[in-house]
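Student: Please read through the structure below; I'll follow up with questions.
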Amino acid sequence: MRGGSLGFFQQVFGGATNYITFLTPGVISIVALTSMSLMGVDLVLDKISGYLGVISTYPIRRYSIFFGGVLQNIAKSMVIAAITFLLAFVVPNGLRLARGFNVLDLIGVFATIALLSAVFSTLFTGIAISVKSTDSFFGAVNFLTFPIMFTSTAFFPISFFPSWMMPIAQANPVSMASEAARLLLVNGSLLPSQLPVFVVDIIGLSVFAIIFAVLGTLLARNALGAR
């Protein structure tokens with residue numbers, strides 16, 4: 001794209017120089033969502049095999065079992081996110097970072113993805129602890145994952161959505177993470193006018209993470225017995 005076409009593209013896609021640059025934060029966010037949904041099955045299998053029941057007899061807090069699963073899944077997700085980020089550079093017409101992009105911006109991008117991973121790790125780990133079979137787990141996961149994925153701005157700008165769906169997309173944690181990481185990748189160090197948008201997205205992700213962490217802890221206590 002050149003001249004006016006490139007200018008129109010950048011205007012529609014938030015200043016991104018190509019679609020891969022716009023898409024990369026969304027793909028990493030979707031990777032975080034899907035990887036968190038799949039990794040929770042380990043706890044379901046531990047529960048079926050009886051291993052989780054053995055651990056629940058130990059003199060430890062129930063929330064430590066829950067948060068142990070949450071943290072290991074976040075760590076795995078960050079490795080996958082880093083690989084996805086690097087691959088975005090090598091695909092044809094790949095990721096192009098902003099001129100002002102620096103190490104702090106890179107940390108901000110991955111901190112945002114880590115926060116999104118925490119949102120879904122707490123949610124899906126809580127579900128994994130509370131269900132009794134892999135069929136129930138994957139049924140719940142699929143029921144949640146696909147609507148979250150396709151009502152987010154991971155793949156397209158919010159201006160592409162019908163008006164009735166825009167509030168849903170804006171409240172979607174995948175949209176929040178995609179937009180926050182996208183601001184850093186496309187613009188580098190944020191301007192004063194962009195900072196409030198970034199902060200609001202981070203606060204929104206933090207609220208989701210806290211809510212799901214509390215919910216997951218309650219589900220763990222109910223499934224494993226209070227301690």
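Within each chain, counting starts at residue 1; across the structure tokens, chains are named A, B, ... in the order shown, with ligands numbered 1 upward in that order.
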Show me, as a list of chain:residue names, the residues that have an atom within 7 Å of segment 196-202 of chain A when counting only C-alpha atoms, minus same-chain residues fewer than 4 positions from it.
Tutor: A:Met176, A:Ala177, A:Ala180, A:Ser206
Student: Using only C-alpha atoms, determine which residues lie at most 8 Å from Leu115 of chain A, disregarding the query and same-chain residues fewer than 2 positions distant; provide the list as a ChimeraX atom specification.
Tutor: /A:111-113,117-119,205-206,209
Student: Between A:Met36, A:Val70, A:Ala82, A:Ile65, which is the closest to Phe138 of chain A once you count only C-alpha atoms?
Tutor: A:Met36
Student: What does the distance between atom CA of Ser133 of chain A and atom CA of Phe67 of chain A come to in Å, to one decimal place?
Tutor: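 Computed distance, atom CA of Ser133 of chain A to atom CA of Phe67 of chain A, equals 20.7 Å.
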Student: Which of these, A:Thr122, A:Ser35, A:Gln194, A:Thr134, has the shortest distance to Val79 of chain A once you count only C-alpha atoms?
Tutor: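 Between A:Thr122, A:Ser35, A:Gln194, A:Thr134, the residue approaching Val79 of chain A most closely is A:Ser35.
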Student: Determine which residues of segment 11-213 of chain A DSSP labels as alpha helix (DSSP H) from the backbone of this structure, then write them out as JSON, numbers by chain.
Tutor: {"A": [11, 12, 19, 20, 21, 22, 23, 24, 25, 26, 27, 28, 29, 30, 31, 32, 33, 34, 35, 36, 37, 38, 39, 41, 42, 43, 44, 45, 46, 47, 48, 49, 51, 52, 53, 54, 55, 62, 63, 64, 65, 66, 67, 68, 69, 70, 71, 72, 73, 74, 75, 76, 77, 78, 79, 80, 81, 82, 83, 84, 85, 86, 87, 88, 89, 90, 103, 104, 105, 106, 107, 108, 109, 110, 111, 112, 113, 114, 115, 116, 117, 118, 119, 120, 121, 122, 123, 124, 125, 126, 127, 128, 129, 130, 134, 135, 136, 137, 138, 139, 140, 141, 142, 143, 144, 145, 146, 147, 148, 149, 150, 166, 167, 168, 169, 170, 173, 174, 175, 176, 177, 178, 179, 180, 181, 182, 183, 184, 185, 186, 187, 195, 196, 197, 198, 199, 200, 201, 202, 203, 204, 205, 206, 207, 208, 209, 210, 211, 212, 213]}
